[in-house]
Amino acid sequence: MVIDEILAYNEQFVKQNRLPIIGHKPRKHMAVVTCMDCRLVQMLEQALGLERGDVIELRTAGATISKPERDSGYSDLIRSLAGAIYLLDVREVAVIGHTQCGLAHAEPNVLIASMQALGVDPQPLIEEPGLKNWIGGFDDVHVNVKEVVNVIHSSPYLPAIPVHGLVIDIETGKLEMVERG
């Protein structure tokens, strides 16, 4: 199992490394909202020039908030940002989507088949709110980033702080500004 490899590696890591003690508040007073895509691991931080302790990183599928959660105002992303802002002194947010995102053009039939193959009934999600809405699928990463920025800006639970929208190229690491906060 992969977890056994991780535990073995961790045992060696702990023996060979002494991590510096750092505070839990981000040095740059920023939260970065990005995708959970495994291709972004380490690449994102390197492309942005970020080190451990610089920012709060929040990762969701597609760096998005699903459509049902957008309307309700209660989402884990908004809750996490509230914690970062009110408890950890975050004063700026960057929403960073990426090219070739798996949620762009998400195929409901593929999701349905995968859910069924793993013994999960997708029917309740197909009917309401709609499978693509529930999973957070979108057609254009640039539009999605702008919409997420807008949801964060319009949340009654968050103060007016700069919220930027960017798209990072998954192959080159180049950032494109979509919305300046």
# chains A, B, ... in the order shown; residues from 1 in each chain; ligands from 1

$ select_by_dssp --residues "stretch 1-177 of chain A" --states "strand (DSSP E or B)" --output "VMD selection string"
chain A and resid 30 to 35 55 to 60 92 to 98 104 138 163 to 168 175 to 177

$ residues_around --residues "A:Val110" --least-positions-apart "6" --cutoff "12 Å" --atoms "only C-alpha atoms" --output "number ranges by chain"
A: 102-103, 116-117, 122, 131-132

$ write_last_selection --atoms "C-alpha atoms" --output "PDB file, in the first residue's frame"
ATOM      1  CA  GLY A 102     -10.008  17.918 -14.870  1.00  0.00           C
ATOM      2  CA  LEU A 103     -13.220  19.742 -13.933  1.00  0.00           C
ATOM      3  CA  GLN A 116     -21.622   3.102  -9.993  1.00  0.00           C
ATOM      4  CA  ALA A 117     -18.504   0.973 -10.451  1.00  0.00           C
ATOM      5  CA  PRO A 122     -25.468   8.890  -8.335  1.00  0.00           C
ATOM      6  CA  LEU A 131     -24.213  16.053 -11.194  1.00  0.00           C
ATOM      7  CA  LYS A 132     -22.065  18.615 -13.017  1.00  0.00           C
TER       8      LYS A 132
END

$ closest_residue --among "A:Trp134, A:Thr64, A:Arg180, A:Gly53" --to "A:Ile21" --atoms "only C-alpha atoms"
A:Gly53

$ closest_residue --among "A:Arg70, A:Arg27, A:His142, A:His164" --to "A:Asp54" --atoms "only C-alpha atoms"
A:Arg27

$ atom_distance --atom1 "atom CA of A:Gly130" --atom2 "atom CA of A:Leu111"
11.9 Å

$ closest_residue --among "A:Val32, A:Ala82, A:Leu158, A:Val90" --to "A:Glu45" --atoms "only C-alpha atoms"
A:Val32

$ residues_around --residues "A:Leu88" --least-positions-apart "6" --cutoff "12 Å" --atoms "only C-alpha atoms" --output "PDB file with N, CA and C atoms, in the first residue's frame"
ATOM      1  N   GLY A  23       5.781  30.261  12.932  1.00  0.00           N
ATOM      2  CA  GLY A  23       4.436  30.566  13.401  1.00  0.00           C
ATOM      3  C   GLY A  23       3.377  30.050  12.444  1.00  0.00           C
ATOM      4  N   HIS A  24       2.139  29.980  12.936  1.00  0.00           N
ATOM      5  CA  HIS A  24       1.048  29.468  12.105  1.00  0.00           C
ATOM      6  C   HIS A  24       0.389  30.556  11.261  1.00  0.00           C
ATOM      7  N   LYS A  25       0.747  31.818  11.476  1.00  0.00           N
ATOM      8  CA  LYS A  25       0.195  32.903  10.657  1.00  0.00           C
ATOM      9  C   LYS A  25       1.082  33.103   9.435  1.00  0.00           C
ATOM     10  N   PRO A  26       0.486  33.211   8.261  1.00  0.00           N
ATOM     11  CA  PRO A  26       1.307  33.318   7.045  1.00  0.00           C
ATOM     12  C   PRO A  26       2.072  34.637   6.987  1.00  0.00           C
ATOM     13  N   ARG A  27       3.364  34.540   6.701  1.00  0.00           N
ATOM     14  CA  ARG A  27       4.232  35.722   6.645  1.00  0.00           C
ATOM     15  C   ARG A  27       3.757  36.758   5.635  1.00  0.00           C
ATOM     16  N   LYS A  28       3.183  36.306   4.525  1.00  0.00           N
ATOM     17  CA  LYS A  28       2.761  37.230   3.469  1.00  0.00           C
ATOM     18  C   LYS A  28       1.300  37.666   3.634  1.00  0.00           C
ATOM     19  N   HIS A  29       0.634  37.223   4.684  1.00  0.00           N
ATOM     20  CA  HIS A  29      -0.758  37.600   4.968  1.00  0.00           C
ATOM     21  C   HIS A  29      -1.673  37.324   3.765  1.00  0.00           C
ATOM     22  N   MET A  30      -1.419  36.224   3.097  1.00  0.00           N
ATOM     23  CA  MET A  30      -2.183  35.878   1.894  1.00  0.00           C
ATOM     24  C   MET A  30      -2.692  34.447   1.982  1.00  0.00           C
ATOM     25  N   ALA A  31      -3.873  34.228   1.394  1.00  0.00           N
ATOM     26  CA  ALA A  31      -4.396  32.887   1.189  1.00  0.00           C
ATOM     27  C   ALA A  31      -4.410  32.627  -0.313  1.00  0.00           C
ATOM     28  N   GLY A  53       5.354  28.490   5.191  1.00  0.00           N
ATOM     29  CA  GLY A  53       5.020  29.548   6.128  1.00  0.00           C
ATOM     30  C   GLY A  53       4.660  30.875   5.483  1.00  0.00           C
ATOM     31  N   ASP A  54       4.781  30.972   4.158  1.00  0.00           N
ATOM     32  CA  ASP A  54       4.487  32.240   3.471  1.00  0.00           C
ATOM     33  C   ASP A  54       2.997  32.523   3.350  1.00  0.00           C
ATOM     34  N   VAL A  55       2.208  31.513   2.956  1.00  0.00           N
ATOM     35  CA  VAL A  55       0.785  31.712   2.675  1.00  0.00           C
ATOM     36  C   VAL A  55      -0.026  30.546   3.227  1.00  0.00           C
ATOM     37  N   ILE A  56      -1.333  30.773   3.319  1.00  0.00           N
ATOM     38  CA  ILE A  56      -2.280  29.691   3.584  1.00  0.00           C
ATOM     39  C   ILE A  56      -2.671  29.145   2.216  1.00  0.00           C
ATOM     40  N   SER A  80     -13.197  28.359   5.459  1.00  0.00           N
ATOM     41  CA  SER A  80     -11.742  28.330   5.619  1.00  0.00           C
ATOM     42  C   SER A  80     -11.127  29.709   5.426  1.00  0.00           C
ATOM     43  N   LEU A  81     -11.627  30.453   4.449  1.00  0.00           N
ATOM     44  CA  LEU A  81     -11.130  31.817   4.262  1.00  0.00           C
ATOM     45  C   LEU A  81     -11.468  32.690   5.467  1.00  0.00           C
ATOM     46  N   ALA A  82     -12.658  32.517   6.030  1.00  0.00           N
ATOM     47  CA  ALA A  82     -13.025  33.278   7.221  1.00  0.00           C
ATOM     48  C   ALA A  82     -12.048  32.983   8.356  1.00  0.00           C
TER      49      ALA A  82
END

$ atom_distance --atom1 "atom CA of A:Met36" --atom2 "atom CA of A:Glu57"
10.4 Å

$ atom_distance --atom1 "atom CA of A:Asp139" --atom2 "atom CA of A:Ala104"
5.0 Å

$ closest_residue --among "A:Leu48, A:Val33, A:Leu40, A:Ile85" --to "A:Val145" --atoms "only C-alpha atoms"
A:Val33

$ closest_residue --among "A:Val93, A:Val151, A:Leu7, A:Ala47" --to "A:Asp71" --atoms "only C-alpha atoms"
A:Val151

$ closest_residue --among "A:Lys15, A:His98, A:His153, A:His105" --to "A:Lys174" --atoms "only C-alpha atoms"
A:His98

$ residues_around --residues "A:Met177" --least-positions-apart "2" --cutoff "9 Å" --atoms "only C-alpha atoms" --output "compact mmCIF listing (two decimals) with N, CA and C atoms, in the first residue's frame"
# COMPACT_ATOMS: atom_id res chain seq x y z
N HIS A 164 -7.72 38.36 -5.89
CA HIS A 164 -7.20 38.32 -7.25
C HIS A 164 -7.56 36.99 -7.90
N GLY A 165 -7.73 37.00 -9.22
CA GLY A 165 -7.98 35.78 -9.96
C GLY A 165 -6.87 35.57 -10.98
N LEU A 166 -6.30 34.38 -10.99
CA LEU A 166 -5.22 34.07 -11.92
C LEU A 166 -5.41 32.67 -12.48
N VAL A 167 -4.76 32.41 -13.61
CA VAL A 167 -4.71 31.08 -14.19
C VAL A 167 -3.24 30.75 -14.42
N ILE A 168 -2.82 29.57 -13.98
CA ILE A 168 -1.44 29.13 -14.18
C ILE A 168 -1.42 28.06 -15.25
N LEU A 175 1.93 32.49 -15.05
CA LEU A 175 0.69 33.02 -14.49
C LEU A 175 0.08 34.04 -15.43
N GLU A 179 -8.20 38.65 -12.95
CA GLU A 179 -8.96 39.64 -12.18
C GLU A 179 -8.05 40.20 -11.10
N ARG A 180 -7.79 41.49 -11.12
CA ARG A 180 -6.97 42.11 -10.08
C ARG A 180 -7.89 42.64 -8.99

$ select_by_dssp --residues "chain A" --states "alpha helix (DSSP H)" --output "PyMOL selection string"
chain A and resi 2-16+43-48+67-72+76-88+108-117+123-127+131-135+141-154

$ write_last_selection --atoms "C-alpha atoms" --output "mmCIF file, in the first residue's frame"
data_model
loop_
_atom_site.group_PDB
_atom_site.id
_atom_site.type_symbol
_atom_site.label_atom_id
_atom_site.label_comp_id
_atom_site.auth_asym_id
_atom_site.auth_seq_id
_atom_site.Cartn_x
_atom_site.Cartn_y
_atom_site.Cartn_z
ATOM 1 C CA VAL A 2 1.116 3.541 -0.700
ATOM 2 C CA ILE A 3 0.530 4.568 2.928
ATOM 3 C CA ASP A 4 3.243 2.111 4.015
ATOM 4 C CA GLU A 5 5.714 3.757 1.605
ATOM 5 C CA ILE A 6 4.765 7.171 2.990
ATOM 6 C CA LEU A 7 5.222 6.031 6.597
ATOM 7 C CA ALA A 8 8.627 4.469 5.834
ATOM 8 C CA TYR A 9 9.780 7.612 4.038
ATOM 9 C CA ASN A 10 8.507 9.780 6.891
ATOM 10 C CA GLU A 11 10.467 7.786 9.436
ATOM 11 C CA GLN A 12 13.685 8.491 7.513
ATOM 12 C CA PHE A 13 12.707 12.129 6.938
ATOM 13 C CA VAL A 14 12.234 12.746 10.652
ATOM 14 C CA LYS A 15 15.581 11.104 11.459
ATOM 15 C CA GLN A 16 17.441 13.225 8.891
ATOM 16 C CA MET A 43 5.247 23.336 -8.964
ATOM 17 C CA LEU A 44 2.794 25.985 -7.771
ATOM 18 C CA GLU A 45 4.914 27.089 -4.840
ATOM 19 C CA GLN A 46 8.056 27.170 -6.992
ATOM 20 C CA ALA A 47 6.323 29.145 -9.748
ATOM 21 C CA LEU A 48 5.053 31.702 -7.200
ATOM 22 C CA LYS A 67 -22.887 25.989 -7.803
ATOM 23 C CA PRO A 68 -25.185 24.832 -4.938
ATOM 24 C CA GLU A 69 -22.650 26.103 -2.379
ATOM 25 C CA ARG A 70 -22.279 29.431 -4.183
ATOM 26 C CA ASP A 71 -25.950 30.180 -3.701
ATOM 27 C CA SER A 72 -26.088 29.150 -0.056
ATOM 28 C CA ASP A 76 -15.956 24.977 3.216
ATOM 29 C CA LEU A 77 -13.929 27.411 1.140
ATOM 30 C CA ILE A 78 -15.703 30.482 2.556
ATOM 31 C CA ARG A 79 -15.462 29.002 6.061
ATOM 32 C CA SER A 80 -11.742 28.330 5.619
ATOM 33 C CA LEU A 81 -11.130 31.817 4.262
ATOM 34 C CA ALA A 82 -13.025 33.278 7.221
ATOM 35 C CA GLY A 83 -10.752 31.368 9.582
ATOM 36 C CA ALA A 84 -7.668 32.517 7.695
ATOM 37 C CA ILE A 85 -8.816 36.151 7.682
ATOM 38 C CA TYR A 86 -10.164 36.439 11.218
ATOM 39 C CA LEU A 87 -7.750 34.127 13.034
ATOM 40 C CA LEU A 88 -4.556 34.159 10.953
ATOM 41 C CA PRO A 108 -21.339 13.454 -16.220
ATOM 42 C CA ASN A 109 -21.505 10.029 -17.890
ATOM 43 C CA VAL A 110 -17.921 9.270 -16.889
ATOM 44 C CA LEU A 111 -18.643 10.373 -13.323
ATOM 45 C CA ILE A 112 -21.849 8.305 -13.204
ATOM 46 C CA ALA A 113 -20.054 5.188 -14.460
ATOM 47 C CA SER A 114 -17.215 5.634 -11.984
ATOM 48 C CA MET A 115 -19.590 6.167 -9.055
ATOM 49 C CA GLN A 116 -21.622 3.102 -9.993
ATOM 50 C CA ALA A 117 -18.504 0.973 -10.451
ATOM 51 C CA GLN A 123 -29.228 9.225 -8.917
ATOM 52 C CA PRO A 124 -29.976 11.706 -6.092
ATOM 53 C CA LEU A 125 -27.240 14.012 -7.413
ATOM 54 C CA ILE A 126 -28.374 13.675 -11.016
ATOM 55 C CA GLU A 127 -31.827 14.966 -10.188
ATOM 56 C CA LEU A 131 -24.213 16.053 -11.194
ATOM 57 C CA LYS A 132 -22.065 18.615 -13.017
ATOM 58 C CA ASN A 133 -23.207 21.373 -10.631
ATOM 59 C CA TRP A 134 -22.572 19.184 -7.586
ATOM 60 C CA ILE A 135 -19.037 18.235 -8.623
ATOM 61 C CA VAL A 141 -11.208 28.081 -16.344
ATOM 62 C CA HIS A 142 -10.991 31.867 -16.814
ATOM 63 C CA VAL A 143 -14.736 32.304 -16.321
ATOM 64 C CA ASN A 144 -14.679 29.959 -13.335
ATOM 65 C CA VAL A 145 -11.870 31.918 -11.653
ATOM 66 C CA LYS A 146 -13.801 35.178 -12.141
ATOM 67 C CA GLU A 147 -16.947 33.581 -10.685
ATOM 68 C CA VAL A 148 -15.098 32.266 -7.619
ATOM 69 C CA VAL A 149 -13.524 35.698 -7.066
ATOM 70 C CA ASN A 150 -17.033 37.186 -7.238
ATOM 71 C CA VAL A 151 -18.434 34.642 -4.755
ATOM 72 C CA ILE A 152 -15.644 35.471 -2.289
ATOM 73 C CA HIS A 153 -16.151 39.224 -2.794
ATOM 74 C CA SER A 154 -19.895 38.986 -2.288
#

$ decode --residues "stretch 58-82 of chain A" --atoms "C-alpha atoms" --output "PDB file, in the first residue's frame"
ATOM      1  CA  LEU A  58      -6.620  26.052   0.269  1.00  0.00           C
ATOM      2  CA  ARG A  59      -7.141  23.348  -2.334  1.00  0.00           C
ATOM      3  CA  THR A  60     -10.452  22.281  -3.810  1.00  0.00           C
ATOM      4  CA  ALA A  61     -11.384  20.347  -6.917  1.00  0.00           C
ATOM      5  CA  GLY A  62     -11.036  22.913  -9.704  1.00  0.00           C
ATOM      6  CA  ALA A  63     -10.172  25.756  -7.280  1.00  0.00           C
ATOM      7  CA  THR A  64     -13.902  26.286  -7.283  1.00  0.00           C
ATOM      8  CA  ILE A  65     -17.028  26.408  -5.190  1.00  0.00           C
ATOM      9  CA  SER A  66     -19.816  24.189  -6.494  1.00  0.00           C
ATOM     10  CA  LYS A  67     -22.887  25.989  -7.803  1.00  0.00           C
ATOM     11  CA  PRO A  68     -25.185  24.832  -4.938  1.00  0.00           C
ATOM     12  CA  GLU A  69     -22.650  26.103  -2.379  1.00  0.00           C
ATOM     13  CA  ARG A  70     -22.279  29.431  -4.183  1.00  0.00           C
ATOM     14  CA  ASP A  71     -25.950  30.180  -3.701  1.00  0.00           C
ATOM     15  CA  SER A  72     -26.088  29.150  -0.056  1.00  0.00           C
ATOM     16  CA  GLY A  73     -23.107  31.179   1.116  1.00  0.00           C
ATOM     17  CA  TYR A  74     -22.061  28.247   3.282  1.00  0.00           C
ATOM     18  CA  SER A  75     -19.108  26.461   1.777  1.00  0.00           C
ATOM     19  CA  ASP A  76     -15.956  24.977   3.216  1.00  0.00           C
ATOM     20  CA  LEU A  77     -13.929  27.411   1.140  1.00  0.00           C
ATOM     21  CA  ILE A  78     -15.703  30.482   2.556  1.00  0.00           C
ATOM     22  CA  ARG A  79     -15.462  29.002   6.061  1.00  0.00           C
ATOM     23  CA  SER A  80     -11.742  28.330   5.619  1.00  0.00           C
ATOM     24  CA  LEU A  81     -11.130  31.817   4.262  1.00  0.00           C
ATOM     25  CA  ALA A  82     -13.025  33.278   7.221  1.00  0.00           C
TER      26      ALA A  82
END
